[in-house]
Amino acid sequence: MNNPDILISGASVAGPALAYWLDRYGFNVTVVELASGPLLGGQAIDVRGPALQVAERMGVLQEIRDASVDMRGMSMVDGEGNELYRSEEHTITGGDLASPDVELLRDDLAGILTRAAGDGVEYLYGDSIAAIAQDEDGVQVTFRGGSSRRFDLVVGADGLHSNTRRLVFGPEEDFITHLGTYLGVWTAPNHLDLDRWQIFHQVADSDWGGGVMAVRGNTEVRVYLGFQTEEPLEYDYRDVAEQKRIMASRFDGRSGWEIPRLIEYMWNAPDFHFDEMAQIHLDSWSRGRVALLGDAGYCGSPLSGQGTSMAMVGAYVLAGELKAAGGDHVKAFAAYEAELREYVAANQQLALTNQARVEAQTAAEMGDAEEAEHAAAEHDFSDFGEAGGAIAVKDY
């Protein structure tokens with residue numbers, strides 16, 4: 001087999017999923033992750049459509065289902081906490097509760113995939129790539145910790161702000177599209193005594209809102225607070241303290257519902273995450289011996305509800321094409337991209353319509369039929385099934 005030694009940057013979802021398949025196909029896999037250990041926290045994410053097939057082929061589908069957040073429904077409340085409407089058919093975070101899709105916490109899925117990949121995968125926690133030098137025969141990687149190693153191929157699975165992409169493809173601003181929203185997510189006590197339920201507070205004619213959902217057997221909640229801004233903010237995406245200050249300043253004086261208490265819980269939250277809603281668009285997902293996977297190459301943003309599924313399907317396809325090509329990266333990378341392009345495009349477009357979909361559903365459920373009709377007329381609402389149907393999971 002050609003190119004047997006592969007380095008993956010990133011150990012969230014895409015990285016461990018790719019490691020699983022590459023290890024089983026006989027490649028030697030190393031994963032480098034900046035965090036000091038397995039990733040904690042993060043929002044609830046969804047495994048949908050073809051990603052469910054990938055999970056089944058990995059033998060982890062039942063474990064994923066067992067880790068489901070298992071929501072019963074949701075409520076929308078006003079600034080005084082009065083319920084405006086409720087639904088036991090869908091939720092804001094997970095969509096249709098009757099669908100076969102699975103909603104679970106990001107850290108739970110990352111743990112499942114990492115354990116499934118097994119002991120044959122080498123993990124380098126607390127480190128990252130400082131430099132990449134390619135030649136005809138391989139890739140020389142220098143790590144921030146000071147060591148240097150040679151690999152045959154490198155895959156960047158390191159998220160929206162991919163370090164691998166920056167080193168090999170160029171600055172982030174060349175590829176990112178800001179979608180106008182920032183979201184903070186953290187863990188807090190279940191002080192509202194929610195039972196497999198979520199509550200959201202959406203303020204009309206305002207640029208802010210958020211909610212909470214009960215998780216881990218109702219012992220805690222994940223908090224979601226977001227705000228809109230036309231222009232991207234300038235901040236260090238590695239500086240958590242700065243990000244918390246941004247959130248606090250944006251919500252200063254926002255006394256509606258439970259917002260002040262949620263902000264107070266934020267200060268001591270050990271798993272705070274903050275980022276913009278954005279997409280990544282590149283003409284090619286590979287350059288030489290380096291390829292990009294998941295959000296690093298084609299982030300759809302949380303507005304798509306499909307980022308996790310794209311990561312898992314992308315990992316399956318990339319590993320499968322490397323296997324089919326006998327490790328020939330030129331053939332494999334081209335086949336990987338050809339197989340996934342339509343699927344990715346459909347899911348990125350879905351992000352652009354989903355926000356309007358939520359607005360129309362909210363208007364209808366709050367009794368504003370005229371507004372719901374107007375929103376529906378203005379937008380062609382795709383659904384997750386149509387986006388997932390843009391790819392058929394192949395056998396490799």
# chains A, B, ... in the order shown; residues from 1 in each chain; ligands from 1
$ closest_atom_pairs --of "range 9-89 of chain A" --to "range 309-323 of chain A" --cutoff "8 Å" --atoms "only C-alpha atoms" --output "JSON lines"
{"residue": "A:Val13", "atom": "CA", "partner": "A:Ala311", "partner_atom": "CA", "distance": 6.8}
{"residue": "A:Ala14", "atom": "CA", "partner": "A:Ala311", "partner_atom": "CA", "distance": 4.8}
{"residue": "A:Gly15", "atom": "CA", "partner": "A:Ala315", "partner_atom": "CA", "distance": 7.7}
{"residue": "A:Ala17", "atom": "CA", "partner": "A:Ala315", "partner_atom": "CA", "distance": 5.9}
{"residue": "A:Leu18", "atom": "CA", "partner": "A:Ala315", "partner_atom": "CA", "distance": 4.5}
{"residue": "A:Trp21", "atom": "CA", "partner": "A:Ala319", "partner_atom": "CA", "distance": 5.9}
{"residue": "A:Leu22", "atom": "CA", "partner": "A:Ala319", "partner_atom": "CA", "distance": 5.6}
{"residue": "A:Tyr25", "atom": "CA", "partner": "A:Lys323", "partner_atom": "CA", "distance": 6.4}
{"residue": "A:Asp46", "atom": "CA", "partner": "A:Ser309", "partner_atom": "CA", "distance": 7.1}
{"residue": "A:Val47", "atom": "CA", "partner": "A:Ser309", "partner_atom": "CA", "distance": 5.4}
{"residue": "A:Arg48", "atom": "CA", "partner": "A:Ser309", "partner_atom": "CA", "distance": 5.9}
{"residue": "A:Gly49", "atom": "CA", "partner": "A:Ser309", "partner_atom": "CA", "distance": 7.7}
{"residue": "A:Pro50", "atom": "CA", "partner": "A:Val313", "partner_atom": "CA", "distance": 6.9}
{"residue": "A:Ala51", "atom": "CA", "partner": "A:Ser309", "partner_atom": "CA", "distance": 5.0}
{"residue": "A:Val54", "atom": "CA", "partner": "A:Val313", "partner_atom": "CA", "distance": 6.6}
$ select_by_dssp --residues "range 74-193 of chain A" --states "alpha helix (DSSP H)" --output "compact mmCIF listing (two decimals) with all heavy atoms, in the first residue's frame"
# COMPACT_ATOMS: atom_id res chain seq x y z
N ARG A 106 -22.00 16.79 21.74
CA ARG A 106 -20.79 16.68 20.92
C ARG A 106 -19.71 15.88 21.63
O ARG A 106 -19.06 15.01 21.01
CB ARG A 106 -20.28 18.09 20.60
CG ARG A 106 -19.18 18.17 19.52
CD ARG A 106 -17.79 17.81 19.98
NE ARG A 106 -17.31 18.58 21.11
CZ ARG A 106 -16.63 19.71 21.01
NH1 ARG A 106 -16.36 20.20 19.83
NH2 ARG A 106 -16.21 20.33 22.11
N ASP A 107 -19.51 16.13 22.93
CA ASP A 107 -18.45 15.42 23.63
C ASP A 107 -18.76 13.93 23.77
O ASP A 107 -17.86 13.09 23.77
CB ASP A 107 -18.12 16.05 24.98
CG ASP A 107 -19.34 16.52 25.76
OD1 ASP A 107 -20.47 16.39 25.26
OD2 ASP A 107 -19.16 17.02 26.88
N ASP A 108 -20.05 13.58 23.88
CA ASP A 108 -20.42 12.16 23.94
C ASP A 108 -20.10 11.46 22.62
O ASP A 108 -19.57 10.34 22.61
CB ASP A 108 -21.90 12.01 24.28
CG ASP A 108 -22.21 12.32 25.73
OD1 ASP A 108 -21.26 12.43 26.53
OD2 ASP A 108 -23.40 12.44 26.07
N LEU A 109 -20.43 12.11 21.50
CA LEU A 109 -20.14 11.49 20.21
C LEU A 109 -18.64 11.37 19.99
O LEU A 109 -18.15 10.33 19.51
CB LEU A 109 -20.77 12.30 19.08
CG LEU A 109 -20.50 11.77 17.67
CD1 LEU A 109 -21.02 10.33 17.51
CD2 LEU A 109 -21.12 12.67 16.61
N ALA A 110 -17.89 12.41 20.34
CA ALA A 110 -16.43 12.35 20.19
C ALA A 110 -15.85 11.18 20.98
O ALA A 110 -14.96 10.46 20.50
CB ALA A 110 -15.80 13.67 20.63
N GLY A 111 -16.37 10.97 22.19
CA GLY A 111 -15.89 9.85 23.00
C GLY A 111 -16.22 8.51 22.38
O GLY A 111 -15.39 7.59 22.38
N ILE A 112 -17.42 8.37 21.85
CA ILE A 112 -17.83 7.12 21.21
C ILE A 112 -16.93 6.80 20.03
O ILE A 112 -16.45 5.67 19.87
CB ILE A 112 -19.30 7.20 20.77
CG1 ILE A 112 -20.23 7.21 21.98
CG2 ILE A 112 -19.66 6.06 19.82
CD1 ILE A 112 -21.67 7.55 21.65
N LEU A 113 -16.66 7.80 19.19
CA LEU A 113 -15.86 7.57 18.00
C LEU A 113 -14.40 7.29 18.35
O LEU A 113 -13.74 6.45 17.73
CB LEU A 113 -15.95 8.79 17.07
CG LEU A 113 -17.35 9.08 16.51
CD1 LEU A 113 -17.31 10.35 15.66
CD2 LEU A 113 -17.89 7.91 15.70
N THR A 114 -13.88 7.98 19.36
CA THR A 114 -12.49 7.75 19.78
C THR A 114 -12.31 6.34 20.33
O THR A 114 -11.34 5.65 20.00
CB THR A 114 -12.07 8.79 20.83
OG1 THR A 114 -12.17 10.10 20.26
CG2 THR A 114 -10.65 8.55 21.30
N ARG A 115 -13.26 5.91 21.16
CA ARG A 115 -13.17 4.54 21.69
C ARG A 115 -13.29 3.51 20.57
O ARG A 115 -12.60 2.48 20.58
CB ARG A 115 -14.25 4.32 22.74
CG ARG A 115 -14.03 5.09 24.03
CD ARG A 115 -14.98 4.62 25.12
NE ARG A 115 -16.38 4.88 24.78
CZ ARG A 115 -17.02 6.01 25.04
NH1 ARG A 115 -16.38 7.02 25.63
NH2 ARG A 115 -18.30 6.15 24.72
N ALA A 116 -14.17 3.77 19.61
CA ALA A 116 -14.35 2.82 18.52
C ALA A 116 -13.10 2.69 17.67
O ALA A 116 -12.79 1.60 17.16
CB ALA A 116 -15.54 3.27 17.65
N ALA A 117 -12.37 3.79 17.50
CA ALA A 117 -11.16 3.75 16.68
C ALA A 117 -10.13 2.79 17.26
O ALA A 117 -9.35 2.16 16.52
CB ALA A 117 -10.57 5.15 16.54
N ASN A 163 -6.06 25.21 11.61
CA ASN A 163 -4.65 25.56 11.54
C ASN A 163 -3.99 24.93 10.32
O ASN A 163 -3.16 25.55 9.65
CB ASN A 163 -3.96 25.08 12.82
CG ASN A 163 -2.48 25.36 12.83
OD1 ASN A 163 -2.04 26.48 12.62
ND2 ASN A 163 -1.67 24.32 13.07
N THR A 164 -4.40 23.71 9.99
CA THR A 164 -3.85 23.02 8.82
C THR A 164 -4.17 23.79 7.55
O THR A 164 -3.32 23.97 6.67
CB THR A 164 -4.42 21.60 8.72
OG1 THR A 164 -4.26 20.93 9.97
CG2 THR A 164 -3.73 20.81 7.63
N ARG A 165 -5.42 24.24 7.44
CA ARG A 165 -5.83 25.00 6.25
C ARG A 165 -5.02 26.29 6.14
O ARG A 165 -4.56 26.66 5.05
CB ARG A 165 -7.32 25.31 6.32
CG ARG A 165 -7.88 25.98 5.07
CD ARG A 165 -9.34 26.36 5.22
NE ARG A 165 -9.53 27.34 6.28
CZ ARG A 165 -10.37 27.19 7.30
NH1 ARG A 165 -11.10 26.11 7.42
NH2 ARG A 165 -10.48 28.14 8.21
N ARG A 166 -4.82 26.97 7.25
CA ARG A 166 -4.05 28.21 7.23
C ARG A 166 -2.62 27.98 6.76
O ARG A 166 -2.08 28.75 5.94
CB ARG A 166 -4.06 28.83 8.63
CG ARG A 166 -3.25 30.12 8.75
CD ARG A 166 -3.22 30.62 10.18
NE ARG A 166 -2.60 29.67 11.09
CZ ARG A 166 -1.29 29.54 11.25
NH1 ARG A 166 -0.45 30.29 10.54
NH2 ARG A 166 -0.80 28.66 12.11
N LEU A 167 -1.99 26.91 7.26
CA LEU A 167 -0.60 26.63 6.92
C LEU A 167 -0.41 26.25 5.45
O LEU A 167 0.61 26.58 4.84
CB LEU A 167 -0.06 25.52 7.81
CG LEU A 167 0.15 25.86 9.29
CD1 LEU A 167 0.47 24.60 10.09
CD2 LEU A 167 1.26 26.90 9.46
N VAL A 168 -1.38 25.54 4.89
CA VAL A 168 -1.20 24.98 3.55
C VAL A 168 -1.97 25.75 2.47
O VAL A 168 -1.48 25.92 1.35
CB VAL A 168 -1.62 23.49 3.55
CG1 VAL A 168 -1.52 22.90 2.14
CG2 VAL A 168 -0.77 22.70 4.52
$ closest_residue --among "A:Leu34, A:Ile8, A:Met266, A:Val240" --to "Tyr20 in chain A" --atoms "only C-alpha atoms"
A:Ile8
$ closest_atom_pairs --of "range 9-59 of chain A" --to "range 216-230 of chain A" --cutoff "12 Å" --atoms "only C-alpha atoms" --output "JSON lines"
{"residue": "A:Gly41", "atom": "CA", "partner": "A:Arg222", "partner_atom": "CA", "distance": 8.6}
{"residue": "A:Gly42", "atom": "CA", "partner": "A:Arg222", "partner_atom": "CA", "distance": 8.3}
{"residue": "A:Gln43", "atom": "CA", "partner": "A:Arg222", "partner_atom": "CA", "distance": 7.0}
{"residue": "A:Ala44", "atom": "CA", "partner": "A:Arg222", "partner_atom": "CA", "distance": 8.2}
{"residue": "A:Ile45", "atom": "CA", "partner": "A:Arg222", "partner_atom": "CA", "distance": 11.9}
$ write_last_selection --atoms "C-alpha atoms" --output "tab-separated table (two decimals), in the first residue's frame"
chain	number	residue	atom	x	y	z
A	41	GLY	CA	-18.55	20.43	26.25
A	42	GLY	CA	-20.11	21.75	23.09
A	43	GLN	CA	-23.62	21.89	21.80
A	44	ALA	CA	-25.99	19.07	21.04
A	45	ILE	CA	-25.35	17.78	17.52
$ residues_around --residues "range 67-79 of chain A" --least-positions-apart "6" --cutoff "6 Å" --atoms "only C-alpha atoms" --output "PyMOL selection string"
chain A and resi 85-88+91+103-104+196-201+215+256-257
$ select_by_dssp --residues "range 109-290 of chain A" --states "strand (DSSP E or B)" --output "VMD selection string"
chain A and resid 122 to 125 129 to 134 139 to 143 148 to 151 153 to 156 176 to 189 197 to 202 208 to 215 220 to 228 273 to 280 286 to 287 290
$ residues_around --residues "Ala332 in chain A" --least-positions-apart "3" --cutoff "12 Å" --atoms "only C-alpha atoms" --output "list in words"
Asn2, Asn3, Leu153, Trp285, Ser286, Gly288, Arg289, Val290, Ala291, Val317, Leu318, Ala319, Gly320, Glu321, Leu322, Lys323, Ala324, Ala325, Gly326, Gly327, Asp328, His329, Ala335, Tyr336, Glu337, Ala338 and Glu339 of chain A
$ residues_around --residues "Pro4 in chain A" --least-positions-apart "2" --cutoff "9 Å" --atoms "only C-alpha atoms" --output "ChimeraX atom specification"
/A:1-2,6,26-29,151-153,327
$ write_last_selection --atoms "all heavy atoms" --output "PDB file, in the first residue's frame"
ATOM      1  N   MET A   1       0.843  -1.200   0.000  1.00  0.00           N
ATOM      2  CA  MET A   1       0.000   0.000   0.000  1.00  0.00           C
ATOM      3  C   MET A   1       0.876   1.246   0.000  1.00  0.00           C
ATOM      4  O   MET A   1       1.868   1.336   0.718  1.00  0.00           O
ATOM      5  CB  MET A   1      -0.904   0.007   1.231  1.00  0.00           C
ATOM      6  CG  MET A   1      -1.787   1.231   1.344  1.00  0.00           C
ATOM      7  SD  MET A   1      -2.764   1.246   2.857  1.00  0.00           S
ATOM      8  CE  MET A   1      -3.866  -0.125   2.552  1.00  0.00           C
ATOM      9  N   ASN A   2       0.490   2.233  -0.829  1.00  0.00           N
ATOM     10  CA  ASN A   2       1.187   3.504  -0.838  1.00  0.00           C
ATOM     11  C   ASN A   2       0.763   4.364   0.357  1.00  0.00           C
ATOM     12  O   ASN A   2      -0.350   4.243   0.859  1.00  0.00           O
ATOM     13  CB  ASN A   2       0.872   4.275  -2.131  1.00  0.00           C
ATOM     14  CG  ASN A   2       1.410   3.590  -3.359  1.00  0.00           C
ATOM     15  OD1 ASN A   2       2.499   3.024  -3.342  1.00  0.00           O
ATOM     16  ND2 ASN A   2       0.641   3.628  -4.441  1.00  0.00           N
ATOM     17  N   ILE A   6      -0.287   8.286   8.115  1.00  0.00           N
ATOM     18  CA  ILE A   6      -1.162   9.448   7.955  1.00  0.00           C
ATOM     19  C   ILE A   6      -1.323  10.171   9.290  1.00  0.00           C
ATOM     20  O   ILE A   6      -1.614   9.553  10.312  1.00  0.00           O
ATOM     21  CB  ILE A   6      -2.543   9.025   7.416  1.00  0.00           C
ATOM     22  CG1 ILE A   6      -2.383   8.332   6.056  1.00  0.00           C
ATOM     23  CG2 ILE A   6      -3.475  10.231   7.300  1.00  0.00           C
ATOM     24  CD1 ILE A   6      -3.694   7.865   5.433  1.00  0.00           C
ATOM     25  N   GLY A  26      -5.763  -0.581   7.234  1.00  0.00           N
ATOM     26  CA  GLY A  26      -4.343  -0.927   7.272  1.00  0.00           C
ATOM     27  C   GLY A  26      -3.376   0.237   7.286  1.00  0.00           C
ATOM     28  O   GLY A  26      -2.160   0.018   7.226  1.00  0.00           O
ATOM     29  N   PHE A  27      -3.870   1.463   7.398  1.00  0.00           N
ATOM     30  CA  PHE A  27      -2.982   2.616   7.480  1.00  0.00           C
ATOM     31  C   PHE A  27      -2.497   2.808   8.923  1.00  0.00           C
ATOM     32  O   PHE A  27      -3.156   2.376   9.879  1.00  0.00           O
ATOM     33  CB  PHE A  27      -3.707   3.885   7.009  1.00  0.00           C
ATOM     34  CG  PHE A  27      -4.080   3.876   5.550  1.00  0.00           C
ATOM     35  CD1 PHE A  27      -5.320   3.389   5.135  1.00  0.00           C
ATOM     36  CD2 PHE A  27      -3.194   4.331   4.588  1.00  0.00           C
ATOM     37  CE1 PHE A  27      -5.665   3.371   3.793  1.00  0.00           C
ATOM     38  CE2 PHE A  27      -3.538   4.319   3.235  1.00  0.00           C
ATOM     39  CZ  PHE A  27      -4.773   3.835   2.839  1.00  0.00           C
ATOM     40  N   ASN A  28      -1.362   3.463   9.068  1.00  0.00           N
ATOM     41  CA  ASN A  28      -0.831   3.812  10.378  1.00  0.00           C
ATOM     42  C   ASN A  28      -1.280   5.238  10.699  1.00  0.00           C
ATOM     43  O   ASN A  28      -0.924   6.177   9.979  1.00  0.00           O
ATOM     44  CB  ASN A  28       0.696   3.727  10.381  1.00  0.00           C
ATOM     45  CG  ASN A  28       1.187   2.365   9.938  1.00  0.00           C
ATOM     46  OD1 ASN A  28       0.652   1.337  10.359  1.00  0.00           O
ATOM     47  ND2 ASN A  28       2.185   2.342   9.078  1.00  0.00           N
ATOM     48  N   VAL A  29      -2.042   5.398  11.763  1.00  0.00           N
ATOM     49  CA  VAL A  29      -2.730   6.669  12.007  1.00  0.00           C
ATOM     50  C   VAL A  29      -2.243   7.336  13.294  1.00  0.00           C
ATOM     51  O   VAL A  29      -2.190   6.701  14.354  1.00  0.00           O
ATOM     52  CB  VAL A  29      -4.258   6.463  12.101  1.00  0.00           C
ATOM     53  CG1 VAL A  29      -4.967   7.816  12.213  1.00  0.00           C
ATOM     54  CG2 VAL A  29      -4.774   5.683  10.892  1.00  0.00           C
ATOM     55  N   PHE A 151       5.473  12.157   7.676  1.00  0.00           N
ATOM     56  CA  PHE A 151       4.293  11.369   7.343  1.00  0.00           C
ATOM     57  C   PHE A 151       4.130  11.337   5.830  1.00  0.00           C
ATOM     58  O   PHE A 151       4.679  12.172   5.103  1.00  0.00           O
ATOM     59  CB  PHE A 151       3.038  11.986   7.979  1.00  0.00           C
ATOM     60  CG  PHE A 151       3.066  12.023   9.476  1.00  0.00           C
ATOM     61  CD1 PHE A 151       3.591  13.125  10.147  1.00  0.00           C
ATOM     62  CD2 PHE A 151       2.585  10.954  10.223  1.00  0.00           C
ATOM     63  CE1 PHE A 151       3.623  13.162  11.543  1.00  0.00           C
ATOM     64  CE2 PHE A 151       2.618  10.982  11.608  1.00  0.00           C
ATOM     65  CZ  PHE A 151       3.139  12.090  12.266  1.00  0.00           C
ATOM     66  N   ASP A 152       3.353  10.378   5.385  1.00  0.00           N
ATOM     67  CA  ASP A 152       3.064  10.310   3.950  1.00  0.00           C
ATOM     68  C   ASP A 152       1.965  11.286   3.555  1.00  0.00           C
ATOM     69  O   ASP A 152       2.033  11.921   2.501  1.00  0.00           O
ATOM     70  CB  ASP A 152       2.653   8.878   3.565  1.00  0.00           C
ATOM     71  CG  ASP A 152       3.767   7.881   3.775  1.00  0.00           C
ATOM     72  OD1 ASP A 152       4.848   8.078   3.200  1.00  0.00           O
ATOM     73  OD2 ASP A 152       3.563   6.917   4.532  1.00  0.00           O
ATOM     74  N   LEU A 153       0.948  11.409   4.408  1.00  0.00           N
ATOM     75  CA  LEU A 153      -0.177  12.302   4.145  1.00  0.00           C
ATOM     76  C   LEU A 153      -0.593  13.000   5.430  1.00  0.00           C
ATOM     77  O   LEU A 153      -0.375  12.479   6.521  1.00  0.00           O
ATOM     78  CB  LEU A 153      -1.384  11.525   3.591  1.00  0.00           C
ATOM     79  CG  LEU A 153      -1.187  10.686   2.326  1.00  0.00           C
ATOM     80  CD1 LEU A 153      -2.441   9.870   2.035  1.00  0.00           C
ATOM     81  CD2 LEU A 153      -0.815  11.563   1.139  1.00  0.00           C
ATOM     82  N   GLY A 327      -3.953   3.672  -1.557  1.00  0.00           N
ATOM     83  CA  GLY A 327      -3.136   4.698  -0.931  1.00  0.00           C
ATOM     84  C   GLY A 327      -2.640   5.774  -1.883  1.00  0.00           C
ATOM     85  O   GLY A 327      -1.934   6.689  -1.460  1.00  0.00           O
TER      86      GLY A 327
END
